[in-house]
$ cat coords-v2.pdb   # PDB, C-alpha atoms and all ligand atoms
ATOM      1  CA  MET M   1       0.895  32.703   2.474
ATOM      2  CA  LYS M   2      -2.599  32.820   3.922
ATOM      3  CA  LEU M   3      -3.941  29.777   5.717
ATOM      4  CA  LYS M   4      -7.437  30.412   4.415
ATOM      5  CA  ASN M   5      -6.213  29.420   0.950
ATOM      6  CA  LYS M   6      -5.433  25.926   2.179
ATOM      7  CA  LYS M   7      -8.012  23.184   1.640
ATOM      8  CA  PHE M   8      -7.519  20.674   4.416
ATOM      9  CA  PHE M   9      -6.499  21.020   8.062
ATOM     10  CA  LEU M  10      -5.245  18.145  10.141
ATOM     11  CA  LEU M  11      -5.642  18.834  13.836
ATOM     12  CA  ASP M  12      -3.825  16.826  16.460
ATOM     13  CA  LYS M  13      -5.969  15.966  19.477
ATOM     14  CA  ASP M  14      -3.981  15.634  22.730
ATOM     15  CA  GLY M  15      -2.048  18.822  23.469
ATOM     16  CA  THR M  16      -3.510  20.696  20.509
ATOM     17  CA  LEU M  17      -7.318  20.567  20.692
ATOM     18  CA  SER M  18      -7.603  19.114  24.164
ATOM     19  CA  LEU M  19      -5.769  17.918  27.222
ATOM     20  CA  GLY M  20      -7.304  14.911  28.923
ATOM     21  CA  ASN M  21     -11.024  15.582  28.771
ATOM     22  CA  LYS M  22     -10.704  19.336  28.565
ATOM     23  CA  ILE M  23     -10.986  21.325  25.385
ATOM     24  CA  LEU M  24      -8.252  23.945  25.037
ATOM     25  CA  ASP M  25      -9.085  27.624  24.858
ATOM     26  CA  GLY M  26      -9.675  28.819  21.299
ATOM     27  CA  ALA M  27     -10.200  25.364  19.797
ATOM     28  CA  LYS M  28     -13.939  25.773  19.253
ATOM     29  CA  ASP M  29     -13.523  29.199  17.655
ATOM     30  CA  PHE M  30     -10.848  27.877  15.360
ATOM     31  CA  ILE M  31     -13.141  25.071  14.152
ATOM     32  CA  LYS M  32     -15.851  27.652  13.602
ATOM     33  CA  SER M  33     -13.546  29.754  11.456
ATOM     34  CA  LEU M  34     -12.585  26.716   9.357
ATOM     35  CA  ARG M  35     -16.253  25.986   8.756
ATOM     36  CA  LYS M  36     -16.964  29.608   7.905
ATOM     37  CA  ASN M  37     -14.249  29.498   5.261
ATOM     38  CA  ASN M  38     -15.462  26.141   3.903
ATOM     39  CA  ILE M  39     -12.171  24.464   4.761
ATOM     40  CA  LYS M  40     -12.274  20.730   5.409
ATOM     41  CA  PHE M  41     -10.630  19.409   8.539
ATOM     42  CA  ALA M  42     -10.065  16.257  10.518
ATOM     43  CA  VAL M  43      -8.667  15.356  13.880
ATOM     44  CA  ALA M  44      -5.537  13.328  13.200
ATOM     45  CA  THR M  45      -4.721  11.117  16.144
ATOM     46  CA  ASN M  46      -2.242   8.293  16.592
ATOM     47  CA  ASN M  47      -4.085   7.172  19.734
ATOM     48  CA  SER M  48      -5.255   3.667  18.836
ATOM     49  CA  SER M  49      -6.735   2.926  22.261
ATOM     50  CA  LYS M  50     -10.016   4.144  20.805
ATOM     51  CA  THR M  51     -11.794   3.618  17.511
ATOM     52  CA  ALA M  52     -12.877   6.606  15.424
ATOM     53  CA  LYS M  53     -16.304   6.278  17.062
ATOM     54  CA  GLY M  54     -14.715   6.344  20.521
ATOM     55  CA  HIS M  55     -12.703   9.435  19.677
ATOM     56  CA  LEU M  56     -15.791  11.078  18.201
ATOM     57  CA  LYS M  57     -17.694  10.449  21.403
ATOM     58  CA  SER M  58     -14.954  11.934  23.556
ATOM     59  CA  LEU M  59     -14.485  14.993  21.312
ATOM     60  CA  ASN M  60     -18.205  15.671  21.123
ATOM     61  CA  SER M  61     -18.568  15.265  24.882
ATOM     62  CA  MET M  62     -16.263  18.300  25.116
ATOM     63  CA  GLY M  63     -18.823  20.316  23.185
ATOM     64  CA  LEU M  64     -17.589  19.809  19.630
ATOM     65  CA  ASP M  65     -19.961  18.675  16.921
ATOM     66  CA  PHE M  66     -17.804  16.532  14.704
ATOM     67  CA  THR M  67     -18.845  13.561  12.567
ATOM     68  CA  LEU M  68     -16.897  10.399  11.723
ATOM     69  CA  GLU M  69     -15.696  12.188   8.585
ATOM     70  CA  ASN M  70     -13.694  14.472  10.913
ATOM     71  CA  ILE M  71     -11.674  11.696  12.557
ATOM     72  CA  ILE M  72      -8.519   9.945  11.365
ATOM     73  CA  VAL M  73      -7.039   7.300  13.672
ATOM     74  CA  SER M  74      -3.764   5.454  13.003
ATOM     75  CA  LEU M  75      -5.778   2.271  13.566
ATOM     76  CA  ASP M  76      -7.811   2.853  10.388
ATOM     77  CA  VAL M  77      -4.672   3.556   8.366
ATOM     78  CA  ALA M  78      -3.367   0.156   9.526
ATOM     79  CA  ILE M  79      -6.664  -1.645   8.816
ATOM     80  CA  ASN M  80      -6.908  -0.071   5.380
ATOM     81  CA  TYR M  81      -3.386  -1.187   4.460
ATOM     82  CA  ILE M  82      -3.724  -4.710   5.874
ATOM     83  CA  LYS M  83      -7.098  -5.261   4.178
ATOM     84  CA  ALA M  84      -5.580  -4.262   0.840
ATOM     85  CA  GLN M  85      -2.957  -7.013   1.322
ATOM     86  CA  GLY M  86      -5.753  -9.576   1.510
ATOM     87  CA  ILE M  87      -4.727 -10.600   5.020
ATOM     88  CA  LYS M  88      -7.356 -12.274   7.194
ATOM     89  CA  ARG M  89      -5.753 -13.798  10.295
ATOM     90  CA  ILE M  90      -4.042 -11.471  12.740
ATOM     91  CA  PHE M  91      -2.679 -11.621  16.244
ATOM     92  CA  TRP M  92      -3.255  -8.254  17.867
ATOM     93  CA  LEU M  93      -2.655  -6.473  21.129
ATOM     94  CA  ALA M  94      -5.683  -4.285  21.752
ATOM     95  CA  ASN M  95      -8.145  -3.356  24.464
ATOM     96  CA  SER M  96     -11.711  -4.667  24.198
ATOM     97  CA  GLU M  97     -13.125  -1.669  22.302
ATOM     98  CA  VAL M  98     -10.429  -1.897  19.625
ATOM     99  CA  SER M  99     -10.433  -5.681  19.647
ATOM    100  CA  ASN M 100     -14.152  -5.718  18.848
ATOM    101  CA  TYR M 101     -13.598  -3.267  16.030
ATOM    102  CA  LEU M 102     -10.703  -5.296  14.559
ATOM    103  CA  SER M 103     -12.960  -8.372  14.639
ATOM    104  CA  ASP M 104     -15.213  -6.638  12.097
ATOM    105  CA  PHE M 105     -12.387  -6.920   9.566
ATOM    106  CA  PHE M 106     -10.118  -9.785  10.604
ATOM    107  CA  ILE M 107      -9.971 -13.051  12.534
ATOM    108  CA  PHE M 108      -7.981 -13.052  15.768
ATOM    109  CA  ASP M 109      -5.438 -15.864  15.531
ATOM    110  CA  LYS M 110      -3.042 -16.707  18.343
ATOM    111  CA  ASP M 111      -1.540 -19.796  16.713
ATOM    112  CA  LYS M 112      -0.833 -19.157  13.026
ATOM    113  CA  PRO M 113      -1.457 -15.486  12.276
ATOM    114  CA  GLU M 114      -0.375 -13.928   8.984
ATOM    115  CA  LEU M 115       0.775 -10.873  10.872
ATOM    116  CA  ILE M 116       1.045  -9.175  14.236
ATOM    117  CA  LEU M 117      -0.512  -5.796  14.973
ATOM    118  CA  VAL M 118       0.220  -3.863  18.150
ATOM    119  CA  THR M 119      -2.206  -1.091  19.104
ATOM    120  CA  PHE M 120      -2.332   1.120  22.198
ATOM    121  CA  ASP M 121      -3.592  -1.718  24.379
ATOM    122  CA  THR M 122      -4.738  -0.063  27.590
ATOM    123  CA  GLU M 123      -5.645  -3.506  28.912
ATOM    124  CA  LEU M 124      -2.196  -5.000  28.299
ATOM    125  CA  ASN M 125      -1.275  -7.886  30.577
ATOM    126  CA  TYR M 126       1.603 -10.299  30.962
ATOM    127  CA  SER M 127       0.019 -13.281  29.237
ATOM    128  CA  LYS M 128      -0.712 -11.175  26.130
ATOM    129  CA  LEU M 129       2.942 -10.113  26.116
ATOM    130  CA  VAL M 130       4.129 -13.720  26.339
ATOM    131  CA  ASP M 131       1.879 -14.706  23.402
ATOM    132  CA  LEU M 132       3.258 -11.796  21.407
ATOM    133  CA  VAL M 133       6.883 -12.599  22.148
ATOM    134  CA  ASN M 134       6.413 -16.260  21.207
ATOM    135  CA  LEU M 135       4.998 -15.244  17.829
ATOM    136  CA  LEU M 136       7.746 -12.709  17.219
ATOM    137  CA  HIS M 137      10.301 -15.523  17.293
ATOM    138  CA  LYS M 138       8.638 -16.857  14.148
ATOM    139  CA  ASP M 139       9.093 -14.969  10.929
ATOM    140  CA  ILE M 140       5.737 -13.164  11.074
ATOM    141  CA  PRO M 141       5.457  -9.512   9.940
ATOM    142  CA  TYR M 142       5.173  -7.177  12.905
ATOM    143  CA  TYR M 143       3.202  -3.939  12.520
ATOM    144  CA  VAL M 144       2.308  -1.212  15.006
ATOM    145  CA  THR M 145      -0.392   1.434  14.649
ATOM    146  CA  HIS M 146       2.027   4.176  15.766
ATOM    147  CA  SER M 147       5.260   4.748  17.654
ATOM    148  CA  ASP M 148       4.541   7.546  20.138
ATOM    149  CA  ILE M 149       6.520   6.818  23.291
ATOM    150  CA  VAL M 150       4.092   8.380  25.762
ATOM    151  CA  CYS M 151       0.520   9.604  25.815
ATOM    152  CA  PRO M 152      -0.028  12.896  27.667
ATOM    153  CA  THR M 153      -2.754  13.036  30.309
ATOM    154  CA  GLU M 154      -3.786  15.765  32.724
ATOM    155  CA  LYS M 155      -1.571  14.192  35.394
ATOM    156  CA  TYR M 156       1.532  12.552  33.925
ATOM    157  CA  ASP M 157       2.554  10.928  30.686
ATOM    158  CA  ILE M 158       1.576   7.266  30.410
ATOM    159  CA  PRO M 159       3.346   4.567  28.336
ATOM    160  CA  ASP M 160       2.190   4.427  24.727
ATOM    161  CA  VAL M 161       3.020   1.996  21.901
ATOM    162  CA  GLY M 162       6.565   3.382  21.495
ATOM    163  CA  SER M 163       7.290   2.215  25.037
ATOM    164  CA  PHE M 164       5.840  -1.233  24.233
ATOM    165  CA  ILE M 165       8.120  -1.331  21.174
ATOM    166  CA  LYS M 166      11.211  -0.721  23.317
ATOM    167  CA  MET M 167      10.268  -3.460  25.753
ATOM    168  CA  ILE M 168       9.551  -5.906  22.930
ATOM    169  CA  GLU M 169      12.839  -5.035  21.243
ATOM    170  CA  MET M 170      14.795  -5.655  24.424
ATOM    171  CA  THR M 171      13.206  -9.103  24.682
ATOM    172  CA  THR M 172      13.190 -10.236  21.042
ATOM    173  CA  SER M 173      15.560  -7.851  19.177
ATOM    174  CA  ARG M 174      12.704  -7.192  16.763
ATOM    175  CA  LYS M 175      11.588  -3.769  15.653
ATOM    176  CA  PRO M 176       8.255  -3.129  13.902
ATOM    177  CA  ASP M 177       8.274  -3.653  10.138
ATOM    178  CA  ILE M 178       5.702  -0.885   9.679
ATOM    179  CA  SER M 179       4.390   1.930  11.882
ATOM    180  CA  PHE M 180       1.268   3.512  10.371
ATOM    181  CA  GLY M 181       0.710   6.664  12.404
ATOM    182  CA  LYS M 182       1.956  10.202  11.991
ATOM    183  CA  PRO M 183       4.562  10.904  10.499
ATOM    184  CA  SER M 184       4.592   7.823   8.256
ATOM    185  CA  LYS M 185       4.143   7.881   4.490
ATOM    186  CA  TYR M 186       1.229   5.458   4.989
ATOM    187  CA  TYR M 187      -0.598   8.093   7.011
ATOM    188  CA  ILE M 188      -0.086  10.765   4.356
ATOM    189  CA  GLU M 189      -1.132   8.463   1.522
ATOM    190  CA  TYR M 190      -4.252   7.454   3.445
ATOM    191  CA  ILE M 191      -5.275  11.090   3.937
ATOM    192  CA  LYS M 192      -4.641  12.029   0.310
ATOM    193  CA  THR M 193      -6.776   9.134  -0.909
ATOM    194  CA  ARG M 194      -9.567   9.333   1.672
ATOM    195  CA  PHE M 195     -10.066  13.087   1.409
ATOM    196  CA  ASN M 196      -8.884  13.609  -2.161
ATOM    197  CA  VAL M 197      -6.383  16.362  -1.292
ATOM    198  CA  GLU M 198      -2.890  17.240  -2.446
ATOM    199  CA  GLU M 199       0.033  17.772  -0.076
ATOM    200  CA  LYS M 200       0.358  21.480  -0.924
ATOM    201  CA  ASP M 201      -3.220  22.069   0.272
ATOM    202  CA  ILE M 202      -2.752  20.337   3.635
ATOM    203  CA  VAL M 203      -1.893  22.004   6.964
ATOM    204  CA  ILE M 204      -1.015  20.004  10.075
ATOM    205  CA  ILE M 205      -1.407  21.594  13.514
ATOM    206  CA  GLY M 206       0.207  19.735  16.388
ATOM    207  CA  ASP M 207       2.213  19.921  19.596
ATOM    208  CA  ARG M 208       4.646  17.071  19.017
ATOM    209  CA  LEU M 209       7.763  17.482  16.912
ATOM    210  CA  TYR M 210       8.577  13.865  16.072
ATOM    211  CA  THR M 211       5.044  13.015  14.889
ATOM    212  CA  ASP M 212       2.982  16.086  13.935
ATOM    213  CA  ILE M 213       5.662  18.435  12.678
ATOM    214  CA  LYS M 214       7.766  15.688  11.142
ATOM    215  CA  LEU M 215       4.743  14.720   9.026
ATOM    216  CA  ALA M 216       5.364  17.877   6.971
ATOM    217  CA  GLU M 217       9.088  17.230   6.484
ATOM    218  CA  GLY M 218      10.301  16.628   2.942
ATOM    219  CA  ASN M 219       6.926  17.324   1.322
ATOM    220  CA  ASP M 220       4.600  20.270   0.569
ATOM    221  CA  ILE M 221       2.479  20.018   3.716
ATOM    222  CA  THR M 222       2.487  23.146   5.938
ATOM    223  CA  SER M 223       3.165  22.588   9.648
ATOM    224  CA  ILE M 224       2.063  24.665  12.634
ATOM    225  CA  LEU M 225       3.594  23.904  16.004
ATOM    226  CA  VAL M 226       1.469  24.794  19.037
ATOM    227  CA  LEU M 227       3.287  25.216  22.336
ATOM    228  CA  SER M 228       0.218  24.142  24.345
ATOM    229  CA  GLY M 229       1.319  20.518  24.670
ATOM    230  CA  GLU M 230       4.606  18.694  25.048
ATOM    231  CA  THR M 231       6.993  20.968  23.142
ATOM    232  CA  THR M 232       8.518  24.045  24.765
ATOM    233  CA  MET M 233      10.374  26.745  22.850
ATOM    234  CA  GLU M 234      13.589  25.458  24.396
ATOM    235  CA  MET M 235      12.933  21.936  23.100
ATOM    236  CA  TYR M 236      12.105  23.369  19.697
ATOM    237  CA  ASN M 237      15.339  25.333  19.510
ATOM    238  CA  GLU M 238      17.334  22.206  20.277
ATOM    239  CA  SER M 239      15.491  20.063  17.761
ATOM    240  CA  ASN M 240      16.355  19.657  14.084
ATOM    241  CA  ILE M 241      12.693  19.181  13.201
ATOM    242  CA  LYS M 242      11.451  22.592  12.104
ATOM    243  CA  ALA M 243       7.903  23.914  11.810
ATOM    244  CA  ASP M 244       6.685  26.416   9.202
ATOM    245  CA  ILE M 245       4.729  28.408  11.809
ATOM    246  CA  ILE M 246       4.995  28.430  15.620
ATOM    247  CA  VAL M 247       2.239  29.724  17.898
ATOM    248  CA  GLU M 248       1.480  29.616  21.594
ATOM    249  CA  SER M 249      -1.762  27.699  21.087
ATOM    250  CA  ILE M 250      -4.561  27.086  18.589
ATOM    251  CA  LYS M 251      -6.142  30.306  19.852
ATOM    252  CA  LYS M 252      -3.419  32.289  18.104
ATOM    253  CA  ILE M 253      -3.844  30.825  14.628
ATOM    254  CA  LYS M 254      -5.467  33.270  12.239
ATOM    255  CA  LEU M 255      -6.665  32.114   8.834
ATOM    256  CA  ASN M 256      -6.482  35.625   7.412
ATOM    257  CA  GLU M 257      -3.014  36.539   8.527
ATOM    258  CA  GLY M 258      -0.134  36.550   6.054
ATOM    259  CA  TYR M 259       2.476  34.002   7.160
ATOM    260  CA  GLN M 260       5.960  33.708   5.655
TER
HETATM  261 MG    MG M 301      -0.322  15.850  20.590
END

$ encode --input "coords-v2.pdb" --output "structure tokens"
Amino acid sequence: MKLKNKKFFLLDKDGTLSLGNKILDGAKDFIKSLRKNNIKFAVATNNSSKTAKGHLKSLNSMGLDFTLENIIVSLDVAINYIKAQGIKRIFWLANSEVSNYLSDFFIFDKDKPELILVTFDTELNYSKLVDLVNLLHKDIPYYVTHSDIVCPTEKYDIPDVGSFIKMIEMTTSRKPDISFGKPSKYYIEYIKTRFNVEEKDIVIIGDRLYTDIKLAEGNDITSILVLSGETTMEMYNESNIKADIIVESIKKIKLNEGYQ
């Protein structure tokens, strides 16, 4: 199998293309080679602390020249799904950037929301948590943009939505009804519809087993694990999530090479 025969590449951001605000070696050349071969691509991120515009800004500040068409955020998968349900009033946990964006589509409602949406709220505080917990004791659907436990930074990992979920579960015994990010079926369906591609033509490149690589499990998507982020070879060997191709980093991926 040659990667250049594929039609759509999903590229994870943190740990695959970049780390913190630094672009990883080989990432720019890889994008160039996709463009040269007329292969479509998008950065697929679960990080809902930024809107697509915010992610675009940060990627392009690292010297990439992407457009909004090249960005897929779990947040938009959630919005797309919720809009289709005809839902208007939501209680959400979100920082101000994401909160403003959500206000373009829905009404923030703390008293009688139709559902609850938890995003990667980097401005989380105790009073927001209390409001959330009070609502969770009512029978209101509870959605999260994604379930990643930590977010990698240049220093240490920081708590991500998956950590919020654990805390909320310990307090209320509730678990999210839907998580929209990688590796959910909602994420895959969203990509297939938005970009008009079939699973067999999609390749996902990522550093995280339980999101990126798992996305390709049980379907025809091809997965490439990069060891430039959170997964080491030792962790991979102990895991039951298996990738189709494993490379040291994005620098080592060759579109022309024949892979098994
Ligand atoms: Mg990653």

$ atom_distance --input "coords-v2.pdb" --atom1 "atom CA of Lys242 of chain M" --atom2 "atom CA of Leu34 of chain M"
24.5 Å

$ residues_around --input "coords-v2.pdb" --residues "Tyr186 of chain M" --least-positions-apart "4" --cutoff "10 Å" --atoms "all atoms listed in the file" --output "list in words"
Ser74, Val77, Ala78, Asn80, Tyr81, Ile178, Ser179, Phe180, Gly181, Lys182, Tyr190, Ile191 and Lys192 of chain M

$ residues_around --input "coords-v2.pdb" --residues "Asn46 of chain M" --least-positions-apart "2" --cutoff "12 Å" --atoms "all atoms listed in the file" --output "number ranges by chain"
M: 11-14, 43-44, 48-52, 55, 71-78, 119-120, 144-151, 160-162, 179-184, 187, 206, 208, 211-212

$ resolve_selection --input "coords-v2.pdb" --expression "the PyMOL selection byres (((chain M and resi 258) around 7) and not hetatm)" --output "list in words"
Met1, Lys2, Asn256, Glu257, Tyr259 and Gln260 of chain M

$ residues_around --input "coords-v2.pdb" --residues "Leu209 of chain M" --least-positions-apart "4" --cutoff "8 Å" --atoms "only C-alpha atoms" --output "count of residues only"
7

$ resolve_selection --input "coords-v2.pdb" --expression "the PyMOL selection byres (((chain M and resi 172) around 8) and not hetatm)" --output "PyMOL selection string"
chain M and resi 133+136-137+168-171+173-174

$ closest_residue --input "coords-v2.pdb" --among "M:Thr232, M:Asn47, M:Gln85, M:Asn38" --to "ligand MG 301 (chain M)" --atoms "all atoms listed in the file"
M:Asn47

$ closest_residue --input "coords-v2.pdb" --among "M:Leu227, M:Ala216, M:Leu68, M:Ala27" --to "Asp201 of chain M" --atoms "only C-alpha atoms"
M:Ala216

$ resolve_selection --input "coords-v2.pdb" --expression "the PyMOL selection byres (((chain M and resi 139) around 12) and not hetatm)" --output "number ranges by chain"
M: 112-116, 133-138, 140-142, 172, 174, 177

$ write_last_selection --input "coords-v2.pdb" --atoms "C-alpha atoms" --output "tab-separated table (two decimals), keeping the file's coordinate frame"
chain	number	residue	atom	x	y	z
M	112	LYS	CA	-0.83	-19.16	13.03
M	113	PRO	CA	-1.46	-15.49	12.28
M	114	GLU	CA	-0.38	-13.93	8.98
M	115	LEU	CA	0.78	-10.87	10.87
M	116	ILE	CA	1.04	-9.18	14.24
M	133	VAL	CA	6.88	-12.60	22.15
M	134	ASN	CA	6.41	-16.26	21.21
M	135	LEU	CA	5.00	-15.24	17.83
M	136	LEU	CA	7.75	-12.71	17.22
M	137	HIS	CA	10.30	-15.52	17.29
M	138	LYS	CA	8.64	-16.86	14.15
M	140	ILE	CA	5.74	-13.16	11.07
M	141	PRO	CA	5.46	-9.51	9.94
M	142	TYR	CA	5.17	-7.18	12.90
M	172	THR	CA	13.19	-10.24	21.04
M	174	ARG	CA	12.70	-7.19	16.76
M	177	ASP	CA	8.27	-3.65	10.14

$ atom_distance --input "coords-v2.pdb" --atom1 "atom CA of Val98 of chain M" --atom2 "atom CA of Lys110 of chain M"
16.6 Å

$ residues_near_point --input "coords-v2.pdb" --point "(-15.2, 16.1, 7.9)" --cutoff "8 Å" --atoms "all atoms listed in the file" --output "list in words"
Lys40, Phe41, Ala42, Phe66, Thr67, Leu68, Glu69, Asn70 and Ile71 of chain M

$ atom_distance --input "coords-v2.pdb" --atom1 "atom MG of ligand MG 301 (chain M)" --atom2 "atom CA of Asn237 of chain M"
18.3 Å

$ closest_residue --input "coords-v2.pdb" --among "M:Asp207, M:Glu238, M:Glu199, M:Glu123" --to "ligand MG 301 (chain M)" --atoms "only C-alpha atoms and all ligand atoms"
M:Asp207

$ closest_residue --input "coords-v2.pdb" --among "M:Glu217, M:Asp25, M:Glu198, M:Asp157" --to "ligand MG 301 (chain M)" --atoms "only C-alpha atoms and all ligand atoms"
M:Asp157
